[in-house]
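Asks: I am sharing structure.pdb, which consists of PDB, C-alpha atoms, pLDDT in the B column:
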ATOM      1  CA  ALA A 254      18.120 -16.028  12.118  1.00 65.00           C
ATOM      2  CA  ALA A 255      15.486 -17.312   9.658  1.00 73.00           C
ATOM      3  CA  SER A 256      16.646 -20.361   7.707  1.00 79.00           C
ATOM      4  CA  SER A 257      15.203 -18.897   4.495  1.00 83.00           C
ATOM      5  CA  LEU A 258      17.469 -15.854   4.836  1.00 84.00           C
ATOM      6  CA  LYS A 259      20.480 -18.035   5.611  1.00 88.00           C
ATOM      7  CA  ASN A 260      19.728 -20.154   2.544  1.00 88.00           C
ATOM      8  CA  ARG A 261      19.355 -17.072   0.321  1.00 89.00           C
ATOM      9  CA  LEU A 262      22.733 -15.832   1.515  1.00 90.00           C
ATOM     10  CA  GLN A 263      24.313 -19.242   0.941  1.00 91.00           C
ATOM     11  CA  GLY A 264      22.829 -19.364  -2.572  1.00 90.00           C
ATOM     12  CA  TYR A 265      24.320 -15.947  -3.302  1.00 90.00           C
ATOM     13  CA  ARG A 266      27.730 -17.099  -2.100  1.00 92.00           C
ATOM     14  CA  GLU A 267      27.580 -20.285  -4.185  1.00 94.00           C
ATOM     15  CA  ALA A 268      26.539 -18.436  -7.354  1.00 91.00           C
ATOM     16  CA  MET A 269      29.294 -15.850  -6.925  1.00 91.00           C
ATOM     17  CA  GLU A 270      31.856 -18.602  -6.367  1.00 93.00           C
ATOM     18  CA  GLU A 271      30.668 -20.490  -9.474  1.00 93.00           C
ATOM     19  CA  LEU A 272      31.137 -17.297 -11.486  1.00 91.00           C
ATOM     20  CA  GLY A 273      34.551 -16.617  -9.986  1.00 92.00           C
ATOM     21  CA  LEU A 274      33.408 -13.340  -8.430  1.00 87.00           C
ATOM     22  CA  ARG A 275      34.169 -11.903  -5.024  1.00 85.00           C
ATOM     23  CA  THR A 276      31.211 -11.516  -2.684  1.00 86.00           C
ATOM     24  CA  MET A 277      30.407  -8.258  -0.971  1.00 84.00           C
ATOM     25  CA  GLU A 278      27.971  -8.766   1.866  1.00 85.00           C
ATOM     26  CA  LEU A 279      26.249  -6.277   4.063  1.00 84.00           C
ATOM     27  CA  LEU A 280      24.676  -7.922   7.105  1.00 79.00           C
ATOM     28  CA  LEU A 281      22.511  -5.634   9.206  1.00 78.00           C
ATOM     29  CA  ARG A 282      22.212  -6.089  12.955  1.00 69.00           C
ATOM     30  CA  GLU A 283      19.675  -3.359  13.727  1.00 66.00           C
ATOM     31  CA  ARG A 284      16.008  -3.507  12.792  1.00 66.00           C
ATOM     32  CA  LYS A 285      15.253   0.157  13.386  1.00 68.00           C
ATOM     33  CA  ALA A 286      13.741   2.191  10.550  1.00 69.00           C
ATOM     34  CA  ASP A 287      15.812   5.244  11.490  1.00 72.00           C
ATOM     35  CA  SER A 288      19.120   3.374  11.775  1.00 75.00           C
ATOM     36  CA  SER A 289      21.918   4.661   9.546  1.00 82.00           C
ATOM     37  CA  ASP A 290      23.712   1.297   9.318  1.00 83.00           C
ATOM     38  CA  LEU A 291      22.259   0.540   5.887  1.00 87.00           C
ATOM     39  CA  ILE A 292      23.289   3.930   4.503  1.00 87.00           C
ATOM     40  CA  GLN A 293      26.805   3.488   5.887  1.00 87.00           C
ATOM     41  CA  GLY A 294      27.014  -0.069   4.540  1.00 86.00           C
ATOM     42  CA  LEU A 295      25.929   0.993   1.051  1.00 89.00           C
ATOM     43  CA  GLU A 296      28.517   3.779   1.082  1.00 87.00           C
ATOM     44  CA  THR A 297      31.194   1.208   1.994  1.00 85.00           C
ATOM     45  CA  ILE A 298      30.105  -1.028  -0.867  1.00 84.00           C
ATOM     46  CA  ARG A 299      30.159   1.895  -3.330  1.00 82.00           C
ATOM     47  CA  LYS A 300      33.664   2.900  -2.167  1.00 83.00           C
ATOM     48  CA  GLU A 301      35.076  -0.633  -2.430  1.00 81.00           C
ATOM     49  CA  HIS A 302      33.204  -1.496  -5.642  1.00 74.00           C
ATOM     50  CA  ARG A 303      32.807   1.743  -7.577  1.00 72.00           C
ATOM     51  CA  SER A 304      31.315  -0.086 -10.530  1.00 72.00           C
ATOM     52  CA  SER A 305      28.772  -1.992  -8.446  1.00 80.00           C
ATOM     53  CA  LYS A 306      25.633  -2.017 -10.548  1.00 86.00           C
ATOM     54  CA  ALA A 307      23.708  -4.903  -9.033  1.00 88.00           C
ATOM     55  CA  TYR A 308      22.346  -5.684  -5.585  1.00 90.00           C
ATOM     56  CA  LEU A 309      20.626  -8.803  -4.294  1.00 90.00           C
ATOM     57  CA  VAL A 310      18.590  -7.934  -1.231  1.00 91.00           C
ATOM     58  CA  SER A 311      17.303 -10.671   1.050  1.00 87.00           C
ATOM     59  CA  THR A 312      13.851  -9.234   1.795  1.00 85.00           C
ATOM     60  CA  GLU A 313      11.328  -7.143  -0.078  1.00 87.00           C
ATOM     61  CA  GLY A 314      11.000  -4.390   2.533  1.00 85.00           C
ATOM     62  CA  LEU A 315      14.752  -4.006   2.786  1.00 88.00           C
ATOM     63  CA  ALA A 316      14.983  -3.830  -1.020  1.00 90.00           C
ATOM     64  CA  TYR A 317      12.626  -0.849  -1.013  1.00 89.00           C
ATOM     65  CA  LYS A 318      14.818   0.872   1.581  1.00 88.00           C
ATOM     66  CA  VAL A 319      17.989   0.139  -0.435  1.00 90.00           C
ATOM     67  CA  ALA A 320      16.302   1.500  -3.572  1.00 91.00           C
ATOM     68  CA  SER A 321      15.190   4.630  -1.756  1.00 88.00           C
ATOM     69  CA  ILE A 322      18.678   5.310  -0.370  1.00 89.00           C
ATOM     70  CA  LEU A 323      20.362   4.775  -3.742  1.00 89.00           C
ATOM     71  CA  TYR A 324      17.722   6.851  -5.512  1.00 89.00           C
ATOM     72  CA  HIS A 325      18.404   9.747  -3.156  1.00 86.00           C
ATOM     73  CA  GLN A 326      22.107   9.378  -3.954  1.00 86.00           C
ATOM     74  CA  GLY A 327      21.256  10.086  -7.605  1.00 87.00           C
ATOM     75  CA  PHE A 328      20.975   6.569  -9.049  1.00 87.00           C
ATOM     76  CA  ARG A 329      18.132   5.553 -11.338  1.00 87.00           C
ATOM     77  CA  ILE A 330      16.798   2.182 -10.207  1.00 88.00           C
ATOM     78  CA  GLY A 331      16.521  -0.157 -13.174  1.00 85.00           C
ATOM     79  CA  LYS A 332      18.776   2.098 -15.267  1.00 86.00           C
ATOM     80  CA  ASP A 333      22.030   2.986 -13.464  1.00 87.00           C
ATOM     81  CA  LEU A 334      21.823  -0.072 -11.238  1.00 89.00           C
ATOM     82  CA  HIS A 335      19.603  -3.062 -10.628  1.00 91.00           C
ATOM     83  CA  ILE A 336      18.164  -4.494  -7.452  1.00 92.00           C
ATOM     84  CA  ALA A 337      16.791  -8.026  -7.183  1.00 91.00           C
ATOM     85  CA  ARG A 338      14.584  -9.004  -4.284  1.00 90.00           C
ATOM     86  CA  PHE A 339      12.288 -11.823  -3.246  1.00 88.00           C
ATOM     87  CA  GLY A 340       8.701 -10.922  -4.074  1.00 85.00           C
ATOM     88  CA  LEU A 341       6.942  -9.240  -6.993  1.00 85.00           C
ATOM     89  CA  ASP A 342       5.493  -5.828  -7.729  1.00 83.00           C
ATOM     90  CA  PRO A 343       1.719  -5.696  -7.489  1.00 80.00           C
ATOM     91  CA  PRO A 344       0.116  -5.527 -10.953  1.00 78.00           C
ATOM     92  CA  TYR A 345      -0.762  -1.816 -10.600  1.00 78.00           C
ATOM     93  CA  VAL A 346       2.670  -0.521  -9.453  1.00 78.00           C
ATOM     94  CA  ALA A 347       6.086  -0.748 -11.079  1.00 80.00           C
ATOM     95  CA  THR A 348       9.071  -0.233  -8.781  1.00 85.00           C
ATOM     96  CA  GLY A 349      11.904  -0.974 -11.204  1.00 86.00           C
ATOM     97  CA  LEU A 350      13.080  -3.864  -9.007  1.00 90.00           C
ATOM     98  CA  ILE A 351      13.730  -7.371 -10.287  1.00 89.00           C
ATOM     99  CA  GLY A 352      11.307  -9.746  -8.600  1.00 87.00           C
ATOM    100  CA  ILE A 353      11.975 -13.346  -7.647  1.00 86.00           C
ATOM    101  CA  GLU A 354       8.614 -15.014  -7.225  1.00 83.00           C
ATOM    102  CA  GLN A 355       8.249 -17.357  -4.294  1.00 80.00           C
ATOM    103  CA  PRO A 356       5.849 -20.199  -5.101  1.00 80.00           C
ATOM    104  CA  HIS A 357       4.067 -20.147  -1.728  1.00 80.00           C
ATOM    105  CA  ARG A 358       0.783 -21.508  -3.095  1.00 84.00           C
ATOM    106  CA  ALA A 359       2.523 -24.370  -4.903  1.00 83.00           C
ATOM    107  CA  MET A 360       4.592 -25.119  -1.788  1.00 82.00           C
ATOM    108  CA  GLY A 361       1.439 -25.275   0.344  1.00 87.00           C
ATOM    109  CA  ALA A 362      -0.284 -27.552  -2.159  1.00 87.00           C
ATOM    110  CA  GLN A 363       2.724 -29.874  -2.404  1.00 85.00           C
ATOM    111  CA  ALA A 364       3.137 -30.014   1.381  1.00 86.00           C
ATOM    112  CA  THR A 365      -0.539 -30.972   1.679  1.00 89.00           C
ATOM    113  CA  ARG A 366      -0.135 -33.732  -0.926  1.00 87.00           C
ATOM    114  CA  LEU A 367       2.923 -35.093   0.894  1.00 88.00           C
ATOM    115  CA  LEU A 368       1.070 -35.174   4.200  1.00 89.00           C
ATOM    116  CA  LEU A 369      -1.945 -36.897   2.667  1.00 89.00           C
ATOM    117  CA  ASP A 370       0.297 -39.474   0.959  1.00 87.00           C
ATOM    118  CA  LEU A 371       1.931 -40.240   4.310  1.00 89.00           C
ATOM    119  CA  VAL A 372      -1.452 -40.549   6.035  1.00 91.00           C
ATOM    120  CA  LYS A 373      -2.515 -43.024   3.311  1.00 91.00           C
ATOM    121  CA  GLY A 374       0.672 -44.997   3.942  1.00 92.00           C
ATOM    122  CA  GLU A 375       2.222 -44.106   0.598  1.00 89.00           C
ATOM    123  CA  GLU A 376       5.882 -43.264   0.109  1.00 85.00           C
ATOM    124  CA  PRO A 377       6.556 -39.541  -0.295  1.00 75.00           C
ATOM    125  CA  LYS A 378       7.391 -38.433  -3.826  1.00 78.00           C
ATOM    126  CA  LYS A 379      10.181 -36.082  -4.832  1.00 77.00           C
ATOM    127  CA  ILE A 380       8.817 -32.618  -5.461  1.00 76.00           C
ATOM    128  CA  GLU A 381      10.241 -29.989  -7.786  1.00 76.00           C
ATOM    129  CA  LEU A 382       8.869 -26.469  -7.957  1.00 73.00           C
ATOM    130  CA  ASP A 383       9.474 -23.939 -10.697  1.00 74.00           C
ATOM    131  CA  LEU A 384      11.057 -20.644  -9.754  1.00 71.00           C
ATOM    132  CA  SER A 385      10.185 -17.641 -11.862  1.00 70.00           C
ATOM    133  CA  PHE A 386      11.243 -14.025 -11.963  1.00 69.00           C
ATOM    134  CA  ARG A 387      10.014 -10.748 -13.378  1.00 70.00           C
ATOM    135  CA  LEU A 388      12.160  -8.020 -14.798  1.00 72.00           C
ATOM    136  CA  PRO A 389      11.050  -4.434 -14.271  1.00 70.00           C
ATOM    137  CA  GLN A 390       8.390  -3.308 -16.746  1.00 58.00           C
ATOM    138  CA  GLY A 391      10.687  -0.711 -18.311  1.00 48.00           C
ATOM    139  CA  ASN A 392      13.012  -3.424 -19.646  1.00 42.00           C
ATOM    140  CA  HIS A 393      10.599  -5.013 -22.078  1.00 39.00           C
ATOM    141  CA  GLY A 394       7.326  -4.771 -23.915  1.00 36.00           C
ATOM    142  CA  ALA A 395       5.782  -2.216 -26.211  1.00 35.00           C
ATOM    143  CA  GLY A 396       4.181   0.635 -24.351  1.00 33.00           C
ATOM    144  CA  SER A 397       6.210   0.085 -21.210  1.00 34.00           C
ATOM    145  CA  PHE A 398       7.318   3.228 -19.477  1.00 36.00           C
ATOM    146  CA  PRO A 399      11.042   4.001 -19.692  1.00 40.00           C
ATOM    147  CA  GLY A 400      11.884   3.238 -16.040  1.00 45.00           C
ATOM    148  CA  SER A 401      10.492   3.712 -12.607  1.00 48.00           C
ATOM    149  CA  LEU A 402      10.563   6.767 -10.423  1.00 44.00           C
ATOM    150  CA  TRP A 403      11.575   6.120  -6.847  1.00 49.00           C
ATOM    151  CA  PRO A 404      10.494   6.187  -4.031  1.00 46.00           C
ATOM    152  CA  ASN A 405       7.326   8.293  -3.740  1.00 43.00           C
ATOM    153  CA  GLU A 406       6.543   8.703  -7.400  1.00 44.00           C
ATOM    154  CA  PHE A 407       5.192   5.266  -8.274  1.00 40.00           C
ATOM    155  CA  ILE A 408       3.898   5.055 -11.802  1.00 35.00           C
ATOM    156  CA  LEU A 409       0.697   3.234 -12.577  1.00 34.00           C
ATOM    157  CA  GLU A 410       1.226   0.498 -15.112  1.00 40.00           C
ATOM    158  CA  GLY A 411       0.790   1.859 -18.632  1.00 39.00           C
ATOM    159  CA  ALA A 412       1.329   5.506 -17.644  1.00 36.00           C
ATOM    160  CA  ASN A 413       4.378   7.305 -18.937  1.00 37.00           C
ATOM    161  CA  ASN A 414       6.644   9.698 -17.040  1.00 36.00           C
ATOM    162  CA  GLU A 415       5.263  12.850 -18.670  1.00 36.00           C
ATOM    163  CA  GLU A 416       1.656  12.002 -17.812  1.00 36.00           C
ATOM    164  CA  LYS A 417       2.537  11.225 -14.202  1.00 36.00           C
ATOM    165  CA  ARG A 418       4.440  14.470 -13.608  1.00 35.00           C
ATOM    166  CA  ASN A 419       1.571  16.703 -14.830  1.00 36.00           C
TER
END
Here is the file; what I need is its structure written in the form of structure tokens.
Replies:
Amino acid sequence: AASSLKNRLQGYREAMEELGLRTMELLLRERKADSSDLIQGLETIRKEHRSSKAYLVSTEGLAYKVASILYHQGFRIGKDLHIARFGLDPPYVATGLIGIEQPHRAMGAQATRLLLDLVKGEEPKKIELDLSFRLPQGNHGAGSFPGSLWPNEFILEGANNEEKRN
């Protein structure tokens, strides 16, 4: 019911329409960790869209669950398919997920400036915030490891797969 989730879904629909692509949405009703609705929904998506190689997931926690399910089905996250979510990996862990950074600090600062302008009797100014993203570490940069292991085999940044397995 959160407006931010509704807006993310609407943005997805608009982008797909602009690109002339059909949307495939999976809306979950249960919030139980042991629910099988996500597994069943992902299986439906894979059956209807065999070549589906990209997923946009509305929340970070849910993206980790999607990645874990798909990993256990034999897919390499960041290689066989890509998952974008809202939020970023911490600097010491690479998940293989695409991160959409949410400018919470900038939003808080801008909201404070707007409030103070109003208190001073000034007209509010239009505010624009930059949106940034991060691709998984394995997709760029010298010395990056060749992809993430999922879900329990997180790789410390800078380590390679061989070192981590030993």
Asks: Under the rule that all atoms listed in the file are counted, which of A:Ile330, A:Ile380, A:Ile322, A:Leu315 is the nearest residue to Ile351 (chain A)?
Replies: A:Ile330
Asks: Please indicate the distance in Å from CA of Gln363 (chain A) to CA of Pro389 (chain A), rounded to one decimal place.
Replies: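 CA of Pro389 (chain A) lies at a distance of 29.3 Å from CA of Gln363 (chain A).
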Asks: Evaluate the PyMOL selection byres ((chain A and resi 312) around 12) against this structure - the residues, as a tab-separated table (two decimals) with C-alpha atoms, in the coordinates of the input, please.
Replies:
chain	number	residue	atom	x	y	z
A	255	ALA	CA	15.49	-17.31	9.66
A	257	SER	CA	15.20	-18.90	4.50
A	258	LEU	CA	17.47	-15.85	4.84
A	259	LYS	CA	20.48	-18.04	5.61
A	261	ARG	CA	19.36	-17.07	0.32
A	262	LEU	CA	22.73	-15.83	1.52
A	281	LEU	CA	22.51	-5.63	9.21
A	308	TYR	CA	22.35	-5.68	-5.58
A	309	LEU	CA	20.63	-8.80	-4.29
A	310	VAL	CA	18.59	-7.93	-1.23
A	311	SER	CA	17.30	-10.67	1.05
A	313	GLU	CA	11.33	-7.14	-0.08
A	314	GLY	CA	11.00	-4.39	2.53
A	315	LEU	CA	14.75	-4.01	2.79
A	316	ALA	CA	14.98	-3.83	-1.02
A	317	TYR	CA	12.63	-0.85	-1.01
A	318	LYS	CA	14.82	0.87	1.58
A	319	VAL	CA	17.99	0.14	-0.44
A	336	ILE	CA	18.16	-4.49	-7.45
A	337	ALA	CA	16.79	-8.03	-7.18
A	338	ARG	CA	14.58	-9.00	-4.28
A	339	PHE	CA	12.29	-11.82	-3.25
A	340	GLY	CA	8.70	-10.92	-4.07
A	341	LEU	CA	6.94	-9.24	-6.99
A	352	GLY	CA	11.31	-9.75	-8.60
A	353	ILE	CA	11.98	-13.35	-7.65
A	354	GLU	CA	8.61	-15.01	-7.22
A	355	GLN	CA	8.25	-17.36	-4.29
Asks: Using only C-alpha atoms, which residue out of A:Lys378, A:Leu291, A:Gly349, A:Arg303 lies closest to Arg366 (chain A)?
Replies: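 Ranked by minimum distance to Arg366 (chain A), first place goes to A:Lys378.
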Asks: For Ala347 (chain A), which residue among A:Tyr324, A:Leu280, A:Gly331, A:Lys306 is the nearest when counting all atoms listed in the file?
Replies: A:Gly331
Asks: Work out how far CA of Arg275 (chain A) is from CA of Gln263 (chain A), in Å to one decimal.
Replies: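 Straight-line distance from CA of Gln263 (chain A) to CA of Arg275 (chain A) works out to 13.7 Å.
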Asks: In Å to one decimal, how far is CA of Leu334 (chain A) from CA of Ala307 (chain A)?
Replies: 5.6 Å
Asks: Go ahead and fit an axis-aligned box to every listed atom of region 327-332 of chain A plus 6 Å each side, and pass me the centre and edge lengths in Å, one decimal, as lines of an AutoDock Vina configuration file.
Replies:
center_x = 18.9
center_y = 5.0
center_z = -11.4
size_x = 16.7
size_y = 22.2
size_z = 19.7
Asks: For Ser321 (chain A), which residue out of A:Leu272, A:Ile298, A:Ala364, A:Leu350 is the nearest one, using only C-alpha atoms?
Replies: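 Among A:Leu272, A:Ile298, A:Ala364, A:Leu350, it is A:Leu350 that comes nearest to Ser321 (chain A).
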Asks: For Arg387 (chain A), which of A:Glu296, A:Glu375, A:Asp287, A:Asp342 is the closest residue, counting only C-alpha atoms?
Replies: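 Ranked by minimum distance to Arg387 (chain A), first place goes to A:Asp342.
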Asks: Could you name the residues that touch Thr297 (chain A) at 12 Å or less, counting only C-alpha atoms, but leaving out those on the same chain fewer than 6 positions away, as a list in words?
Replies: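 Using only C-alpha atoms, the neighbours found are Met277, Glu278, Leu279, Asp290, Leu291, Arg303 and Ser305 of chain A.
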